[in-house]
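J.: Quick one: the structure is below, and I'll ask about it shortly.
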Amino acid sequence: MKHFKKGLLAAAALLVLSAVTASAAAAPYASSSTAAHIKHPADANTQLKIIAEAEPLWKDEFVARWDEGQTPQPHLLNYDSTQTRFAVTDLDGNGRLELLFRHAAMLPVAEGITPYPFRSIPTMVEMAIYEIGTDGRLARLPETENGYGAPDLIGLCALHQISADNTRPYNIRTRTITADEHGHYHYTVAYQQVAIARGIVTCKLLAEENGYYNVYDIDRIEEVPIYASIYDGNPSHIEMPYAAFLQTGFCQDFDRIYTPPSAVHWMTGDELNRDPREALAASWQGFVYGVIDGKG
């Protein structure tokens with residue numbers, strides 16, 4: 001690992017935290033008093049250093065960093081290592097940094113055959129979320145079973161609401177694609193809600209849309225929705241015509257956002273591999289509390 005460049009880290013933290021302070025002063029917000037935002041560069045420096053020094057804990061998120069002869073997370077062999085992304089955040093607003101990882105598996109590409117739009121849609125996704133605990137150590141957070149699968153954290157775009165207990169749920173669409181034995185392509189969009197609450201990651205499947213693609217050329221496709229289901233206990237909301245789904249209160253509310261678009265700064269695994277400390281600092285620099293709390 002390369003030498004820790006303190007000047008760059010401090011400057012990055014100072015830049016983003018100065019913007020946070022200025023934004024908070026310019027636009028007071030009722031819920032801010034319940035959040036424990038990081039307000040001093042020294043606090044950010046300390047926490048970034050904790051994450052960097054915990055590399056033995058999170059390095060196994062990268063297959064390329066596995067120790068020879070070991071397979072600590074064999075399921076990750078099913079994912080495309082070039083699709084691994086990470087971000088440093090404080091999504092729950094508790095003042096303790098999180099380290100997020102997103103993994104994705106992709107369709108095999110046959111040049112000249114696989115349509116270009118399909119090369120960026122995952123066939124399945126996985127996630128891992130680590131957080132600095134109240135004991136000052138980084139740990140992977142447990143995830144509740146949701147009976148479906150992980151959300152595509154790349155879709156983290158804006159906070160949907162702040163609950164009465166100060167939990168911050170984020171609505172995410174997770175689109176996946178499959179190809180059948182006849183060369184037909186089908187898709188699923190999972191409407192999910194993810195939150196970090198009291199040291200546990202929760203993910204709820206709220207609704208699901210199913211459809212297929214017509215392929216006209218390598219760069220021209222058509223998305224054809226078939227039906228959608230809302231899992232709210234209403235039998236009439238199961239396998240609804242897509243047009244009816246669009247008219248539901250759920251569909252109209254799903255994209256309602258509590259904040260402007262997200263400031264989560266995703267970076268590649270290659271960037272983290274080259275210089276973890278610089279990369280962690282750069283990702284944190286892209287995270288702004290002002291956007292998270294609707295001030296930026």
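For the structure tokens, the naming scheme is as follows: chains receive sequential letters (A, B, ...) according to their order of presentation, residues are indexed from 1 within each chain, and ligands are indexed from 1 in presentation order.
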Neighbours of segment 112-119 of chain A within 8 Å (only C-alpha atoms; same-chain residues fewer than 4 positions away dropped), as a VMD selection string?

T.: chain A and resid 106 to 107 177 215 217 to 221

J.: With N, CA and C atoms retained, export the selected residues as a CSV table (one decimal), in the first residue's frame.

T.:
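Result file out11.csv:
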chain,number,residue,atom,x,y,z
A,106,MET,N,-23.0,-9.7,-15.5
A,106,MET,CA,-23.4,-9.2,-16.7
A,106,MET,C,-23.6,-10.4,-17.8
A,107,LEU,N,-24.4,-10.1,-18.8
A,107,LEU,CA,-24.6,-11.0,-19.9
A,107,LEU,C,-23.2,-11.3,-20.6
A,177,ILE,N,-31.7,-8.3,-16.3
A,177,ILE,CA,-32.0,-8.8,-17.6
A,177,ILE,C,-31.7,-10.3,-17.6
A,215,VAL,N,-35.7,-6.6,-30.2
A,215,VAL,CA,-34.4,-6.2,-30.7
A,215,VAL,C,-34.6,-5.9,-32.2
A,217,ASP,N,-32.0,-3.9,-33.8
A,217,ASP,CA,-30.6,-3.8,-34.4
A,217,ASP,C,-29.7,-3.8,-33.2
A,218,ILE,N,-28.4,-3.8,-33.4
A,218,ILE,CA,-27.5,-4.0,-32.3
A,218,ILE,C,-27.5,-2.8,-31.4
A,219,ASP,N,-28.0,-1.6,-31.9
A,219,ASP,CA,-28.1,-0.4,-31.1
A,219,ASP,C,-29.5,0.1,-31.0
A,220,ARG,N,-30.5,-0.7,-31.3
A,220,ARG,CA,-31.9,-0.3,-31.3
A,220,ARG,C,-32.8,-1.4,-30.7
A,221,ILE,N,-33.4,-1.1,-29.5
A,221,ILE,CA,-34.2,-2.1,-28.9
A,221,ILE,C,-35.5,-1.4,-28.5

J.: Please identify the helix (DSSP H, G or I) residues within segment 85-120 of chain A (assignment by DSSP from backbone atoms) and present them as number ranges by chain.

T.: A: 116-120

J.: I'd like the interatomic distance between atom CA of Val264 of chain A and atom CA of Leu100 of chain A, to a tenth of an Å.

T.: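 Going from atom CA of Val264 of chain A over to atom CA of Leu100 of chain A, I get 10.0 Å.
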
J.: When you look at Glu239 of chain A with a cut-off of 12 Å (counting only C-alpha atoms), what residues show up, excluding the ones that are within fewer than 6 positions of it in the same chain? I need them as a PyMOL selection string.

T.: chain A and resi 207-211+225-231+245

J.: Hey, which of A:Cys251, A:Ala87, A:Ile257, A:Leu205 ends up closest to Tyr130 of chain A? Count only C-alpha atoms.

T.: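 Closest residue, counting only C-alpha atoms: A:Ala87.
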
J.: What is the atom CA of Asn214 of chain A to atom CA of Met124 of chain A distance in Å?

T.: 20.9 Å

J.: Give me every strand (DSSP E) residue in segment 89-277 of chain A, going by DSSP on the backbone, as a ChimeraX atom specification.

T.: /A:89,98-106,122-132,138-140,170-179,185-197,200-217,220-230,240-241,267-268

J.: Need to verify the contact set: Asn171 of chain A, 8 Å, only C-alpha atoms, exclusion of same-chain residues closer than 4 positions in sequence. Can you return it as a PyMOL selection string?

T.: chain A and resi 156+158-160+191-194+254-255

J.: List the spatial neighbours of Asp165 of chain A as a list in words - criterion: any atom at most 12 Å away, only C-alpha atoms, same-chain residues fewer than 3 positions off excluded.

T.: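 Selected residues are Ser31, Thr34, Ala35, Asp92, Gln161, Ile162, Arg168, Pro169, Ala197 and Arg198 of chain A.
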
J.: Only C-alpha atoms, please: the residues just picked out, written as a JSON list (two decimals), in the first residue's frame.

T.:
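Output file again08.json follows:
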[["chain", "number", "residue", "atom", "x", "y", "z"],
["A", 31, "SER", "CA", -34.38, 17.49, 10.80],
["A", 34, "THR", "CA", -31.56, 15.03, 14.89],
["A", 35, "ALA", "CA", -28.62, 14.11, 12.65],
["A", 92, "ASP", "CA", -28.13, 7.24, 7.89],
["A", 161, "GLN", "CA", -38.33, 10.55, 3.31],
["A", 162, "ILE", "CA", -37.10, 10.83, 6.89],
["A", 168, "ARG", "CA", -33.69, 7.44, 6.20],
["A", 169, "PRO", "CA", -35.14, 5.09, 3.56],
["A", 197, "ALA", "CA", -31.25, 1.53, 10.93],
["A", 198, "ARG", "CA", -29.58, 0.77, 14.26]]

J.: Of the candidates A:Leu280, A:Ile129, A:Val288, A:Ala263, which one gets nearest to Ala195 of chain A if we count only C-alpha atoms?

T.: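 Going through A:Leu280, A:Ile129, A:Val288, A:Ala263 one by one, the smallest distance to Ala195 of chain A is for A:Ile129.
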
J.: Would you compute the distance between atom CA of Lys49 of chain A and atom CA of Asp275 of chain A? Give it in Å to one decimal.

T.: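 One can read the atom CA of Lys49 of chain A to atom CA of Asp275 of chain A distance as 13.0 Å.
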
J.: Near Ile132 of chain A, within 6 Å and counting only C-alpha atoms, which residues show up once chain neighbours fewer than 6 positions away are dropped, as an mmCIF file with all heavy atoms, in the first residue's frame?

T.:
data_model
loop_
_atom_site.group_PDB
_atom_site.id
_atom_site.type_symbol
_atom_site.label_atom_id
_atom_site.label_comp_id
_atom_site.auth_asym_id
_atom_site.auth_seq_id
_atom_site.Cartn_x
_atom_site.Cartn_y
_atom_site.Cartn_z
ATOM 1 N N ARG A 96 -21.221 8.554 11.450
ATOM 2 C CA ARG A 96 -20.226 7.486 11.340
ATOM 3 C C ARG A 96 -20.229 6.977 9.902
ATOM 4 O O ARG A 96 -21.272 6.572 9.394
ATOM 5 C CB ARG A 96 -20.529 6.362 12.338
ATOM 6 C CG ARG A 96 -20.270 6.793 13.772
ATOM 7 C CD ARG A 96 -20.517 5.690 14.790
ATOM 8 N NE ARG A 96 -21.919 5.553 15.136
ATOM 9 C CZ ARG A 96 -22.701 4.552 14.790
ATOM 10 N NH1 ARG A 96 -22.195 3.561 14.041
ATOM 11 N NH2 ARG A 96 -23.956 4.509 15.154
ATOM 12 N N LEU A 97 -19.062 7.012 9.273
ATOM 13 C CA LEU A 97 -18.969 6.733 7.846
ATOM 14 C C LEU A 97 -19.279 5.276 7.508
ATOM 15 O O LEU A 97 -19.029 4.367 8.296
ATOM 16 C CB LEU A 97 -17.573 7.078 7.330
ATOM 17 C CG LEU A 97 -17.145 8.537 7.434
ATOM 18 C CD1 LEU A 97 -15.800 8.735 6.747
ATOM 19 C CD2 LEU A 97 -18.188 9.462 6.826
ATOM 20 N N LEU A 138 -14.441 -0.513 12.191
ATOM 21 C CA LEU A 138 -15.255 -0.800 11.018
ATOM 22 C C LEU A 138 -15.753 -2.235 11.091
ATOM 23 O O LEU A 138 -15.014 -3.149 11.444
ATOM 24 C CB LEU A 138 -14.430 -0.610 9.738
ATOM 25 C CG LEU A 138 -15.216 -0.675 8.421
ATOM 26 C CD1 LEU A 138 -16.076 0.572 8.244
ATOM 27 C CD2 LEU A 138 -14.250 -0.827 7.242
#

J.: For Val201 of chain A, work out the shell of residues within 7 Å, counting only C-alpha atoms and skipping chain neighbours fewer than 5 positions away, then give it as a ChimeraX atom specification.

T.: /A:141-144,195-196

J.: Which is closer to Pro122 of chain A than all the others in A:His186, A:His75, A:Arg65, A:Arg137, using only C-alpha atoms?

T.: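 Closest to Pro122 of chain A, using only C-alpha atoms: A:His186.
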